[in-house]
Every structure is written in structure tokens, then in C-alpha cells.
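Asks: So here's my_file31.txt (compact mmCIF, C-alpha atoms and all ligand atoms).
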# COMPACT_ATOMS: atom_id res chain seq x y z
CA MET S 1 76.11 84.19 112.96
CA LYS S 2 79.07 82.56 114.68
CA VAL S 3 82.23 83.04 112.63
CA GLU S 4 83.69 79.85 114.07
CA GLN S 5 80.90 77.71 112.61
CA LEU S 6 81.71 78.92 109.10
CA LEU S 7 85.49 78.60 109.22
CA ARG S 8 87.66 76.19 107.31
CA LYS S 9 87.98 73.43 109.91
CA SER S 10 91.77 73.14 109.83
CA LEU S 11 92.07 76.74 111.03
CA LEU S 12 90.24 76.28 114.30
CA ASP S 13 93.42 75.43 116.21
CA ILE S 14 95.83 77.64 114.25
CA LYS S 15 98.67 79.22 116.22
CA PRO S 16 99.36 82.46 114.36
CA TYR S 17 102.95 83.36 113.56
CA SER S 18 104.30 85.56 116.29
CA SER S 19 106.66 88.22 114.92
CA ALA S 20 109.44 89.95 116.79
CA ARG S 21 107.22 93.03 116.96
CA ASP S 22 104.45 90.94 118.51
CA ASP S 23 106.77 89.62 121.21
CA TYR S 24 108.08 93.01 122.24
CA GLN S 25 105.57 95.85 122.08
CA GLY S 26 107.05 98.26 124.63
CA SER S 27 108.25 101.73 123.74
CA ASP S 28 111.31 102.03 126.02
CA ALA S 29 113.82 99.98 124.06
CA SER S 30 116.22 101.84 121.80
CA ILE S 31 118.30 98.95 120.50
CA PHE S 32 116.51 96.32 118.46
CA LEU S 33 118.43 93.08 117.99
CA ASP S 34 115.42 90.80 117.85
CA ALA S 35 114.33 90.55 114.22
CA ASN S 36 117.55 89.81 112.33
CA GLU S 37 117.19 93.15 110.60
CA ASN S 38 120.13 94.94 109.03
CA PRO S 39 121.30 97.79 111.30
CA PHE S 40 122.08 99.99 108.27
CA GLY S 41 119.78 101.71 105.80
CA GLU S 42 116.41 103.45 105.67
CA LEU S 43 113.98 100.63 105.01
CA ASN S 44 115.88 98.18 107.21
CA ARG S 45 113.15 97.63 109.82
CA TYR S 46 110.06 95.47 109.39
CA PRO S 47 106.83 97.46 109.14
CA ASP S 48 104.14 97.49 111.81
CA PRO S 49 102.37 94.14 111.23
CA HIS S 50 99.12 95.61 112.60
CA GLN S 51 99.30 98.92 110.67
CA ARG S 52 98.19 100.81 113.79
CA GLU S 53 98.79 104.35 112.57
CA LEU S 54 97.15 103.65 109.23
CA LYS S 55 94.12 102.15 110.96
CA GLN S 56 93.78 105.24 113.18
CA HIS S 57 93.54 107.42 110.09
CA LEU S 58 91.14 105.03 108.37
CA SER S 59 89.04 104.97 111.52
CA ASN S 60 88.85 108.79 111.56
CA VAL S 61 88.00 109.12 107.90
CA LYS S 62 85.53 106.22 107.71
CA GLY S 63 83.97 106.44 111.17
CA ILE S 64 84.58 102.76 111.89
CA SER S 65 86.51 101.71 114.97
CA GLU S 66 89.96 100.19 114.59
CA PRO S 67 89.13 96.63 115.74
CA ASN S 68 86.66 96.47 112.84
CA ILE S 69 89.33 97.28 110.25
CA PHE S 70 91.70 94.98 108.37
CA VAL S 71 94.25 96.22 105.84
CA GLY S 72 95.41 94.05 102.96
CA ASN S 73 97.96 94.20 100.18
CA GLY S 74 95.23 95.44 97.83
CA SER S 75 91.62 94.19 98.00
CA ASP S 76 92.76 91.21 96.00
CA GLU S 77 94.56 89.92 99.10
CA ILE S 78 91.39 90.43 101.13
CA ILE S 79 89.33 88.37 98.66
CA ASP S 80 91.92 85.60 98.77
CA LEU S 81 92.20 85.58 102.58
CA LEU S 82 88.43 85.42 103.02
CA ILE S 83 88.20 82.42 100.71
CA ARG S 84 91.01 80.71 102.61
CA LEU S 85 89.38 81.56 105.92
CA PHE S 86 85.96 80.12 105.11
CA CYS S 87 86.06 77.67 102.24
CA GLU S 88 87.04 74.03 102.10
CA PRO S 89 88.50 73.36 98.63
CA GLU S 90 86.45 70.98 96.47
CA LYS S 91 83.66 71.03 99.04
CA ASP S 92 82.22 74.47 99.72
CA CYS S 93 80.69 76.83 97.19
CA MET S 94 80.50 80.58 96.74
CA LEU S 95 78.20 82.83 94.72
CA GLN S 96 78.60 85.84 92.45
CA PHE S 97 76.35 87.88 90.15
CA SER S 98 77.62 88.43 86.63
CA PRO S 99 78.79 90.43 84.83
CA THR S 100 81.15 91.42 87.63
CA TYR S 101 84.76 91.82 88.74
CA GLY S 102 86.94 89.00 87.39
CA MET S 103 89.09 88.48 90.47
CA TYR S 104 86.37 86.58 92.34
CA GLN S 105 86.54 83.83 89.73
CA VAL S 106 90.34 83.85 89.58
CA SER S 107 90.68 83.67 93.36
CA ALA S 108 88.07 80.91 93.51
CA LYS S 109 89.99 78.92 90.92
CA ILE S 110 93.32 79.38 92.67
CA ASN S 111 91.75 78.16 95.91
CA ASN S 112 89.94 75.32 94.16
CA VAL S 113 86.56 76.45 95.46
CA GLN S 114 83.41 76.30 93.32
CA LEU S 115 82.01 79.75 92.41
CA ASP S 116 78.37 79.66 91.34
CA ASP S 117 77.02 82.44 89.19
CA ILE S 118 73.58 84.01 88.92
CA PRO S 119 73.37 86.64 86.19
CA LEU S 120 72.11 90.08 87.20
CA ASN S 121 68.78 90.98 85.61
CA GLU S 122 68.36 93.34 82.64
CA ASN S 123 68.80 96.37 84.93
CA PHE S 124 71.97 94.87 86.43
CA GLN S 125 70.11 94.25 89.69
CA LEU S 126 69.82 91.09 91.78
CA ASP S 127 67.48 88.57 90.18
CA TRP S 128 65.43 87.55 93.22
CA PRO S 129 63.45 84.66 91.69
CA ALA S 130 66.72 83.12 90.48
CA ILE S 131 68.38 83.68 93.86
CA ASP S 132 65.45 82.16 95.77
CA ASP S 133 65.48 79.24 93.37
CA TYR S 134 69.21 78.71 93.90
CA LEU S 135 68.98 78.91 97.70
CA SER S 136 66.01 76.57 97.83
CA ASN S 137 68.16 74.00 96.02
CA ASN S 138 70.01 73.42 99.26
CA LYS S 139 72.86 75.70 98.30
CA SER S 140 74.62 77.53 101.09
CA PRO S 141 77.43 79.64 99.65
CA LYS S 142 80.11 80.36 102.23
CA ILE S 143 80.84 83.69 100.54
CA THR S 144 78.48 85.71 98.33
CA PHE S 145 80.28 88.40 96.33
CA VAL S 146 78.45 91.62 95.55
CA CYS S 147 80.24 94.43 93.76
CA SER S 148 78.52 97.78 94.21
CA PRO S 149 78.95 100.05 92.34
CA ASN S 150 79.44 97.09 90.05
CA ASN S 151 82.41 96.65 87.75
CA PRO S 152 81.88 96.63 84.73
CA SER S 153 78.27 97.90 84.66
CA GLY S 154 78.92 100.91 86.93
CA ASN S 155 75.58 100.89 88.75
CA THR S 156 74.78 100.47 92.42
CA ILE S 157 73.29 97.11 93.41
CA GLU S 158 70.14 97.53 95.49
CA ASP S 159 68.85 95.51 98.45
CA VAL S 160 72.18 94.05 99.55
CA LEU S 161 70.85 93.89 103.13
CA THR S 162 67.97 91.68 101.98
CA LEU S 163 70.57 89.38 100.47
CA CYS S 164 72.50 89.35 103.76
CA ASN S 165 69.34 88.14 105.50
CA LYS S 166 68.75 85.39 102.97
CA VAL S 167 72.17 83.75 102.80
CA SER S 168 73.75 81.84 105.65
CA GLY S 169 77.39 82.60 104.85
CA ILE S 170 79.08 85.96 104.63
CA VAL S 171 78.35 88.62 102.03
CA LEU S 172 81.46 90.35 100.73
CA LEU S 173 80.31 93.73 99.50
CA ASP S 174 83.06 95.15 97.29
CA GLU S 175 82.77 98.93 97.50
CA ALA S 176 85.87 99.72 95.45
CA TYR S 177 84.05 102.59 93.70
CA ILE S 178 81.84 103.82 96.54
CA ASP S 179 83.54 107.22 96.84
CA PHE S 180 82.41 108.10 93.31
CA SER S 181 78.80 107.21 94.08
CA SER S 182 75.94 109.44 95.12
CA LYS S 183 74.47 106.49 97.05
CA LYS S 184 75.74 105.83 100.51
CA SER S 185 78.07 103.12 101.68
CA LEU S 186 76.67 100.25 103.75
CA LEU S 187 79.41 100.78 106.35
CA THR S 188 76.74 102.20 108.66
CA GLU S 189 74.93 98.82 108.57
CA LEU S 190 77.92 96.76 109.70
CA ASN S 191 76.90 96.69 113.35
CA ASN S 192 73.39 95.40 112.60
CA THR S 193 74.48 92.89 109.97
CA PRO S 194 76.87 90.28 111.38
CA ASN S 195 77.48 88.48 108.08
CA LEU S 196 78.26 91.65 106.13
CA VAL S 197 81.89 92.24 105.19
CA ILE S 198 82.75 95.36 103.22
CA SER S 199 85.91 95.85 101.23
CA GLN S 200 87.15 99.16 99.93
CA THR S 201 90.41 100.13 98.31
CA MET S 202 92.78 103.05 98.11
CA SER S 203 93.46 102.13 94.46
CA LYS S 204 90.67 104.17 92.87
CA ALA S 205 89.25 107.25 94.60
CA TRP S 206 92.38 107.68 96.71
CA GLY S 207 94.67 107.47 93.69
CA LEU S 208 97.01 104.86 95.17
CA ALA S 209 96.77 101.88 92.82
CA ALA S 210 100.57 101.58 92.84
CA ALA S 211 100.68 101.35 96.63
CA ARG S 212 98.38 98.29 96.97
CA VAL S 213 96.23 99.11 99.98
CA GLY S 214 92.88 97.37 100.38
CA VAL S 215 90.67 97.77 103.42
CA CYS S 216 88.16 95.38 104.91
CA PHE S 217 85.50 96.29 107.47
CA ALA S 218 83.70 93.60 109.45
CA SER S 219 82.81 92.37 112.92
CA GLU S 220 85.66 92.39 115.40
CA GLU S 221 85.54 88.61 115.59
CA LEU S 222 85.95 88.18 111.84
CA ILE S 223 88.75 90.76 111.67
CA GLN S 224 90.60 88.86 114.38
CA TRP S 225 90.42 85.74 112.27
CA LEU S 226 91.80 87.57 109.25
CA ASN S 227 94.66 88.78 111.44
CA LYS S 228 95.42 85.19 112.42
CA ILE S 229 95.86 83.98 108.86
CA LYS S 230 97.43 86.98 107.11
CA PRO S 231 101.11 87.07 106.17
CA PRO S 232 102.70 88.86 109.16
CA TYR S 233 103.99 91.88 107.26
CA ASN S 234 101.42 92.00 104.49
CA VAL S 235 101.43 95.79 104.03
CA SER S 236 104.84 97.30 103.39
CA GLN S 237 106.12 100.37 105.21
CA LEU S 238 106.10 102.34 101.94
CA ASN S 239 102.50 101.39 101.28
CA GLN S 240 101.40 102.27 104.80
CA GLN S 241 103.11 105.66 104.59
CA ALA S 242 101.61 106.44 101.19
CA ALA S 243 98.14 105.60 102.50
CA ILE S 244 98.58 107.68 105.66
CA LYS S 245 99.75 110.66 103.61
CA SER S 246 96.70 110.42 101.36
CA LEU S 247 94.29 110.04 104.31
CA LYS S 248 95.77 113.17 105.92
CA GLN S 249 94.73 115.13 102.83
CA VAL S 250 91.13 114.06 102.90
CA GLU S 251 89.86 117.50 101.84
CA SER S 252 91.94 117.68 98.68
CA GLN S 253 91.06 114.06 97.91
CA HIS S 254 87.38 115.00 98.01
CA VAL S 255 87.99 117.87 95.63
CA LEU S 256 89.65 115.48 93.17
CA ILE S 257 86.81 112.98 93.50
CA GLN S 258 84.28 115.73 92.73
CA GLU S 259 86.32 116.68 89.70
CA ILE S 260 86.34 113.08 88.46
CA ILE S 261 82.56 112.90 88.91
CA GLN S 262 82.13 116.07 86.82
CA LEU S 263 84.50 114.69 84.20
CA ARG S 264 82.40 111.51 84.10
CA GLU S 265 79.37 113.61 83.14
CA TYR S 266 81.46 115.46 80.58
CA LEU S 267 82.71 112.21 79.05
CA HIS S 268 79.13 110.94 79.00
CA SER S 269 77.83 113.95 77.09
CA GLU S 270 80.71 113.91 74.60
CA LEU S 271 80.26 110.18 73.88
CA LEU S 272 76.54 110.63 73.27
CA ALA S 273 77.28 112.70 70.17
CA LEU S 274 79.10 109.85 68.41
CA PRO S 275 76.96 108.03 65.83
CA TYR S 276 78.20 104.51 66.66
CA VAL S 277 77.69 104.87 70.42
CA GLN S 278 74.48 102.98 71.05
CA LYS S 279 74.10 103.09 74.76
CA ILE S 280 75.87 104.50 77.79
CA TYR S 281 74.98 102.82 81.05
CA PRO S 282 74.41 105.05 84.11
CA SER S 283 77.49 105.01 86.33
CA ASP S 284 78.17 105.58 90.03
CA ALA S 285 81.86 104.83 89.44
CA ASN S 286 84.84 106.39 87.65
CA PHE S 287 84.18 104.61 84.37
CA LEU S 288 81.43 104.27 81.80
CA LEU S 289 80.21 101.10 80.15
CA VAL S 290 79.55 102.07 76.55
CA GLU S 291 77.82 99.97 73.93
CA VAL S 292 79.09 100.58 70.40
CA ASP S 293 78.40 99.06 66.99
CA ASP S 294 81.42 96.74 67.11
CA ALA S 295 83.52 96.81 70.28
CA THR S 296 86.49 94.85 68.98
CA THR S 297 86.84 96.98 65.84
CA ARG S 298 86.53 100.21 67.82
CA TYR S 299 88.96 98.93 70.45
CA ASN S 300 91.58 98.14 67.81
CA GLN S 301 91.04 101.45 66.05
CA LEU S 302 91.62 103.29 69.33
CA ILE S 303 94.78 101.29 70.02
CA HIS S 304 95.96 102.45 66.59
CA GLU S 305 95.40 106.01 67.86
CA SER S 306 97.48 105.15 70.98
CA ILE S 307 94.45 105.10 73.31
CA VAL S 308 93.62 102.05 75.40
CA VAL S 309 90.14 101.38 76.70
CA ARG S 310 88.86 98.05 77.97
CA ASN S 311 87.09 95.75 75.56
CA ARG S 312 84.39 94.01 77.64
CA THR S 313 82.55 92.40 74.75
CA LYS S 314 82.98 88.92 76.25
CA LEU S 315 81.12 90.03 79.40
CA MET S 316 78.74 92.49 77.74
CA LYS S 317 78.30 92.23 73.99
CA ASN S 318 79.89 95.13 72.11
CA CYS S 319 80.68 97.07 75.25
CA LEU S 320 83.77 99.10 75.99
CA ARG S 321 84.62 100.17 79.51
CA ILE S 322 86.14 103.62 79.51
CA THR S 323 87.85 105.06 82.59
CA VAL S 324 87.32 108.74 83.34
CA GLY S 325 90.65 110.48 82.71
CA THR S 326 91.65 114.14 82.75
CA LYS S 327 89.82 116.65 80.56
CA LEU S 328 92.77 116.58 78.18
CA GLU S 329 92.63 112.79 77.96
CA ILE S 330 88.87 112.84 77.39
CA ASN S 331 89.28 115.41 74.62
CA GLU S 332 91.97 113.29 72.96
CA LEU S 333 89.74 110.23 73.24
CA ILE S 334 86.77 112.03 71.68
CA LYS S 335 88.97 113.42 68.93
CA ALA S 336 90.21 109.91 68.13
CA MET S 337 86.70 108.46 68.36
CA THR S 338 85.52 111.10 65.92
CA THR S 339 88.39 110.40 63.51
CA ILE S 340 87.50 106.70 63.33
CA ILE S 341 83.84 107.26 62.43
C1 LIG M 401 89.84 97.98 90.99
C2 LIG M 401 88.98 97.10 91.82
C3 LIG M 401 89.43 96.67 93.07
C4 LIG M 401 90.75 97.11 93.59
O1 LIG M 401 91.57 96.08 93.90
P1 LIG M 401 92.97 96.41 94.62
O2 LIG M 401 93.57 95.07 94.74
O3 LIG M 401 92.62 97.02 95.94
O4 LIG M 401 93.71 97.36 93.74
C5 LIG M 401 88.60 95.88 93.84
N1 LIG M 401 87.39 95.53 93.39
C6 LIG M 401 86.92 95.94 92.20
C7 LIG M 401 85.56 95.57 91.78
C8 LIG M 401 87.72 96.72 91.38
O5 LIG M 401 87.25 97.11 90.18
Would you put the structure from the file into C-alpha cells?
Replies:
Amino acid sequence: MKVEQLLRKSLLDIKPYSSARDDYQGSDASIFLDANENPFGELNRYPDPHQRELKQHLSNVKGISEPNIFVGNGSDEIIDLLIRLFCEPEKDCMLQFSPTYGMYQVSAKINNVQLDDIPLNENFQLDWPAIDDYLSNNKSPKITFVCSPNNPSGNTIEDVLTLCNKVSGIVLLDEAYIDFSSKKSLLTELNNTPNLVISQTMSKAWGLAAARVGVCFASEELIQWLNKIKPPYNVSQLNQQAAIKSLKQVESQHVLIQEIIQLREYLHSELLALPYVQKIYPSDANFLLVEVDDATTRYNQLIHESIVVRNRTKLMKNCLRITVGTKLEINELIKAMTTII
């Protein structure tokens, strides 16, 4: 796959914005009068536009080399940049598998790019006959979104590499929840799979939703293109520092992730005892999709008890999506769910 052949045509001759920190990269200077910054204060300097230190830490933790890493202002920025990089509005199409993460559709709409949808099968896996049918209809989606573990169903999507071989555009594999999964990340397949792009986030397992740090792993060529079109200072200094601090404590992060996984099993077993819980879907993430008798009624009853879960009944009939909280929070939830029987 040649990235250039897939790009939005108007970008081919783009001259990226060159920041003051791009023009001067030496380390000898001690007086900086080149960026119209304020000489006073603590956050007065622009952040590193290339997030070098952060990428070093990501590289160590993830085992992927720095030129294959892009950092965004949350994964939502990465989704948006990829659409803008590859898709011609009103002309190209993209593909997703529902039920899935709502931002793909929102970003598609904002960018005025058609997003086709093929429902997952009854096991929330890729529906191959439907996919083959779609592709044989002369469809060539520029971006195919796969969320695995999938939000809201929680399961891992199988055979993503087969999908990469079938489609001609890129496959954006959204691994936002991968650190909670017992299955392994496809990061190890990046080198053999040129059209595979993997996004992860520090918002979930790394506990940094407030900091907005999304990470994208792809071929060096594709990462270079993302660098050309990104806002120059897309990740703030505060966000970069928060992410670096978290990545330096990788051991304690792993302990917390293990705890969340155990709490997921605890939540699962407690929910099973409730008479109106009809099904709990297996989860590789930090949430459970739970089918109840009447999701909207149960949702409102829980709100009345000051507990907010997510009502997903529009995506999955009568399903609530419940995030794994602390043991105390789970116990409060179960107490409230018992009260409303
Ligand atoms: C929460 C979530 C994200 C995280 O997005 P950020 O912008 O990085 O916070 C990405 N993808 C999915 C599927 C999610 O559920």
C-alpha cells in the first residue's frame, strides 16, 4: 500500500506550518525571542510540537519505535485527522461495524464523509458474508473502523488481520480498552500489515481522561503524513507531562489495571444475582453490557438513587453499559439495584 495513493488529493503538495521550535532545534541557546512568547510565568513557553520525551516513554512501554508513534489530543483527534488525511468529502466512503463507538459517525458527519455500516453478527463478530457482499459491490472504504475490545459490547473482535487483507484502504483498529483484555494487542502485527493503524488512549487504563492523550501507531510514512496536517501544538505541555508521569509508573499502573479486572468479575457476579438482569455480555474491557427487563426504567430509577450508568437501549435493546468502579461504588450500585427490584 502506498499512502500517497490514498490521500486526499489537495494534501499532496501541502507545506506544513513551520513553528519557531521547528526552525531552531539546537540546544545551545539560552534566550528565546523567536516565538512571541511571554517572558514571564510558568506555562509561558510553547510545548514540544513533536512530543519527543513522551514518545520515548511510549516507545519503551509499548515496544514500538518513535517514528511509528503519533500523539493526539485524545483519540478523537486521531480519528478526525485520519479522516481529513484520506477522505474526500462527499466522494469517499468509510466503513464501521455496529453497534460501536459513536465518535466514528460524528467525525464522519463533521467531515461530510459517508460512513457505511455493517452490523456485527449475533456474537458481535465480523459478519464475513455481509462484508464480502459489500466489498464485491465495488465499495472501497478509505477507512474501516474496528473497535476491539468493542464499545459497547465489550468483546474482542476476531480476524482483524483478515479484514486488513480484504480492504484496500486503511483499517483503524481502536484499542482503547486493550490493556483490560486478556487477548493481545495487534501492535506486533504493524510491521507486516501496512494498512493497519492502531489507536490507543491514555484515557482509560492509564487513568488520564482529563489529560486528553491519544496515541496512534502506524507505518513511518503514515505517521509523517499525520505530522504534516496536525495542529502544530496539539498536545499541551500539561498533558504531555501528565502522560510522562503516568508512563514512568508503569508497574503501579499494571497493579491498578489488575484490580479493575478483578472488580469487573466481582461486578459481574453481583449483577447476576439480580432478578431483572437478563444477560451480561462477556467483557475484555472496563465495563459490562447488561441486558435488563427495561433499560430506560432502570436507568431512571438509578438516577433517582444518584447513580449514573449509560443507557444503550438505542444501540442494544434494553442494555445498560456499566463502568467498573471501585468496590465501594460497585457495592452502592448493587445496593441501589436491589432496592429498585
Ligand atoms: C473512551 C474511548 C476512546 C477514548 O477517546 P479519547 O479521545 O482518547 O479520550 C476511544 N475509543 C473508544 C472506543 C472509546 O470508548
Asks: Between S:Phe124, S:Tyr104, S:Phe32, S:Tyr233, which one has atoms that come closest to ligand LIG 401 (chain M), using all atoms listed in the file?
Replies: S:Tyr104
Asks: Within 9 Å of ligand LIG 401 (chain M), which residues show up when you count all atoms listed in the file? List them as a PDB file with C-alpha atoms, in the coordinates of the input, please.
Replies:
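out_37.pdb, written as the output of this step:
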ATOM      1  CA  GLY S  72      95.410  94.050 102.960  1.00  0.00           C
ATOM      2  CA  ASN S  73      97.960  94.200 100.180  1.00  0.00           C
ATOM      3  CA  GLY S  74      95.230  95.440  97.830  1.00  0.00           C
ATOM      4  CA  SER S  75      91.620  94.190  98.000  1.00  0.00           C
ATOM      5  CA  ASP S  76      92.760  91.210  96.000  1.00  0.00           C
ATOM      6  CA  GLU S  77      94.560  89.920  99.100  1.00  0.00           C
ATOM      7  CA  ILE S  78      91.390  90.430 101.130  1.00  0.00           C
ATOM      8  CA  ILE S  79      89.330  88.370  98.660  1.00  0.00           C
ATOM      9  CA  THR S 100      81.150  91.420  87.630  1.00  0.00           C
ATOM     10  CA  TYR S 101      84.760  91.820  88.740  1.00  0.00           C
ATOM     11  CA  GLY S 102      86.940  89.000  87.390  1.00  0.00           C
ATOM     12  CA  MET S 103      89.090  88.480  90.470  1.00  0.00           C
ATOM     13  CA  VAL S 146      78.450  91.620  95.550  1.00  0.00           C
ATOM     14  CA  CYS S 147      80.240  94.430  93.760  1.00  0.00           C
ATOM     15  CA  SER S 148      78.520  97.780  94.210  1.00  0.00           C
ATOM     16  CA  PRO S 149      78.950 100.050  92.340  1.00  0.00           C
ATOM     17  CA  ASN S 150      79.440  97.090  90.050  1.00  0.00           C
ATOM     18  CA  ASN S 151      82.410  96.650  87.750  1.00  0.00           C
ATOM     19  CA  PRO S 152      81.880  96.630  84.730  1.00  0.00           C
ATOM     20  CA  ASP S 174      83.060  95.150  97.290  1.00  0.00           C
ATOM     21  CA  GLU S 175      82.770  98.930  97.500  1.00  0.00           C
ATOM     22  CA  ALA S 176      85.870  99.720  95.450  1.00  0.00           C
ATOM     23  CA  TYR S 177      84.050 102.590  93.700  1.00  0.00           C
ATOM     24  CA  SER S 199      85.910  95.850 101.230  1.00  0.00           C
ATOM     25  CA  GLN S 200      87.150  99.160  99.930  1.00  0.00           C
ATOM     26  CA  THR S 201      90.410 100.130  98.310  1.00  0.00           C
ATOM     27  CA  MET S 202      92.780 103.050  98.110  1.00  0.00           C
ATOM     28  CA  SER S 203      93.460 102.130  94.460  1.00  0.00           C
ATOM     29  CA  LYS S 204      90.670 104.170  92.870  1.00  0.00           C
ATOM     30  CA  LEU S 208      97.010 104.860  95.170  1.00  0.00           C
ATOM     31  CA  ALA S 209      96.770 101.880  92.820  1.00  0.00           C
ATOM     32  CA  ALA S 210     100.570 101.580  92.840  1.00  0.00           C
ATOM     33  CA  ALA S 211     100.680 101.350  96.630  1.00  0.00           C
ATOM     34  CA  ARG S 212      98.380  98.290  96.970  1.00  0.00           C
ATOM     35  CA  VAL S 213      96.230  99.110  99.980  1.00  0.00           C
ATOM     36  CA  GLY S 214      92.880  97.370 100.380  1.00  0.00           C
ATOM     37  CA  VAL S 215      90.670  97.770 103.420  1.00  0.00           C
TER      38      VAL S 215
END
Asks: Excluding Trp206 in chain S and any residue of its chain fewer than 4 positions from it, enumerate the residues within 10 Å of it, using only C-alpha atoms, and give them as a list in words.
Replies: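 Near neighbours after the sequence-gap exclusion: Asp179, Thr201, Met202, Val213, Ala243, Ser246, Leu247, Gln249, Val250, Gln253, His254, Leu256 and Ile257 of chain S.
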Asks: Using only C-alpha atoms, find the one residue out of S:Leu315, S:Val113, S:Leu7, S:Val324 that sits nearest to Glu221 in chain S.
Replies: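 With only C-alpha atoms as the atom set, the closest residue is S:Leu7.
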Asks: So, with only C-alpha atoms as the atoms that count, which of S:Arg21, S:Arg312, S:Arg8, S:Lys335 lies closest to Ile83 in chain S?
Replies: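 Among S:Arg21, S:Arg312, S:Arg8, S:Lys335, it is S:Arg8 that comes nearest to Ile83 in chain S.
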Asks: CA of His50 in chain S and CA of Tyr17 in chain S, how far apart in Å?
Replies: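 Separating CA of Tyr17 in chain S from CA of His50 in chain S is a distance of 12.9 Å.
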Asks: Which distance in Å separates CA of Asp117 in chain S and CA of Phe97 in chain S, to one decimal?
Replies: 5.6 Å
Asks: Counting only C-alpha atoms, select every polymer residue within 12 Å of (80.9, 69.9, 97.1) as defined in the file's coordinates, and provide the selection as a list in words.
Replies: Cys87, Glu88, Pro89, Glu90, Lys91, Asp92, Cys93, Met94, Asn112, Val113, Gln114, Leu115, Asp116, Asn138, Lys139, Ser140, Pro141 and Lys142 of chain S
Asks: Residues as selected, C-alpha atoms, written as a compact mmCIF listing (two decimals), in the coordinates of the input, can you do that?
Replies:
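The resulting selection27.txt:
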# COMPACT_ATOMS: atom_id res chain seq x y z
CA CYS S 87 86.06 77.67 102.24
CA GLU S 88 87.04 74.03 102.10
CA PRO S 89 88.50 73.36 98.63
CA GLU S 90 86.45 70.98 96.47
CA LYS S 91 83.66 71.03 99.04
CA ASP S 92 82.22 74.47 99.72
CA CYS S 93 80.69 76.83 97.19
CA MET S 94 80.50 80.58 96.74
CA ASN S 112 89.94 75.32 94.16
CA VAL S 113 86.56 76.45 95.46
CA GLN S 114 83.41 76.30 93.32
CA LEU S 115 82.01 79.75 92.41
CA ASP S 116 78.37 79.66 91.34
CA ASN S 138 70.01 73.42 99.26
CA LYS S 139 72.86 75.70 98.30
CA SER S 140 74.62 77.53 101.09
CA PRO S 141 77.43 79.64 99.65
CA LYS S 142 80.11 80.36 102.23
Asks: Name the closest residue to Asn191 in chain S among the candidates S:Asn68, S:Thr339, S:Asn227, S:Ser10; distances are taken between atoms, counting only C-alpha atoms.
Replies: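 Smallest separation from Asn191 in chain S among the options: S:Asn68.
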Asks: Using all atoms listed in the file, which protein or nucleic acid residues come within 10 Å of range 60-65 of chain S? Drop anything in the same chain fewer than 5 positions from it, and give the result as a ChimeraX atom specification.
Replies: /S:55,187-188,190-191,217-218,220,247-248,250
Asks: Could you save those same residues with C-alpha atoms as a PDB file, in the coordinates of the input?
Replies:
ATOM      1  CA  LYS S  55      94.120 102.150 110.960  1.00  0.00           C
ATOM      2  CA  LEU S 187      79.410 100.780 106.350  1.00  0.00           C
ATOM      3  CA  THR S 188      76.740 102.200 108.660  1.00  0.00           C
ATOM      4  CA  LEU S 190      77.920  96.760 109.700  1.00  0.00           C
ATOM      5  CA  ASN S 191      76.900  96.690 113.350  1.00  0.00           C
ATOM      6  CA  PHE S 217      85.500  96.290 107.470  1.00  0.00           C
ATOM      7  CA  ALA S 218      83.700  93.600 109.450  1.00  0.00           C
ATOM      8  CA  GLU S 220      85.660  92.390 115.400  1.00  0.00           C
ATOM      9  CA  LEU S 247      94.290 110.040 104.310  1.00  0.00           C
ATOM     10  CA  LYS S 248      95.770 113.170 105.920  1.00  0.00           C
ATOM     11  CA  VAL S 250      91.130 114.060 102.900  1.00  0.00           C
TER      12      VAL S 250
END
Asks: What's the separation between CA of Gln237 in chain S and CA of Ile31 in chain S, in Å to one decimal place?
Replies: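 About the pair CA of Gln237 in chain S and CA of Ile31 in chain S: they are 19.6 Å apart.
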Asks: Between S:Asp48, S:Glu251, S:Asp294, S:Glu4, which one has atoms that come closest to Ala20 in chain S, using only C-alpha atoms?
Replies: S:Asp48
Asks: Using all atoms listed in the file, which protein or nucleic acid residues come within 10 Å of Lys2 in chain S? Drop anything in the same chain fewer than 6 positions from it, and give the result as a list in words.
Replies: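 Returned residues: Gly169, Pro194, Asn195, Glu221 and Leu222 of chain S.
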Asks: Is there a way to get, as a PyMOL selection string, all residues within 12 Å of the point (109.6, 95.7, 109.8) in file coordinates, counting all atoms listed in the file?
Replies: chain S and resi 19-22+32+34-39+42-51+232-238+240
Asks: Tell me which of S:Asp13, S:Leu226, S:Asp80, S:Cys164 sits closest to Val106 in chain S, counting only C-alpha atoms.
Replies: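 Of S:Asp13, S:Leu226, S:Asp80, S:Cys164, the one nearest Val106 in chain S, counting only C-alpha atoms, is S:Asp80.
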Asks: For Lys317 in chain S, find every residue with an atom within 12 Å (counting all atoms listed in the file), except residues of its own chain fewer than 4 positions away, and show them as a short mmCIF file (atom, residue, chain, number, x, y, z; two decimals) with C-alpha atoms, in the coordinates of the input.
Replies:
data_model
loop_
_atom_site.label_atom_id
_atom_site.label_comp_id
_atom_site.auth_asym_id
_atom_site.auth_seq_id
_atom_site.Cartn_x
_atom_site.Cartn_y
_atom_site.Cartn_z
CA PRO S 99 78.79 90.43 84.83
CA GLN S 278 74.48 102.98 71.05
CA LYS S 279 74.10 103.09 74.76
CA LEU S 289 80.21 101.10 80.15
CA VAL S 290 79.55 102.07 76.55
CA GLU S 291 77.82 99.97 73.93
CA VAL S 292 79.09 100.58 70.40
CA ASP S 293 78.40 99.06 66.99
CA ASP S 294 81.42 96.74 67.11
CA ALA S 295 83.52 96.81 70.28
CA THR S 296 86.49 94.85 68.98
CA ASN S 311 87.09 95.75 75.56
CA ARG S 312 84.39 94.01 77.64
CA THR S 313 82.55 92.40 74.75
CA ARG S 321 84.62 100.17 79.51
#
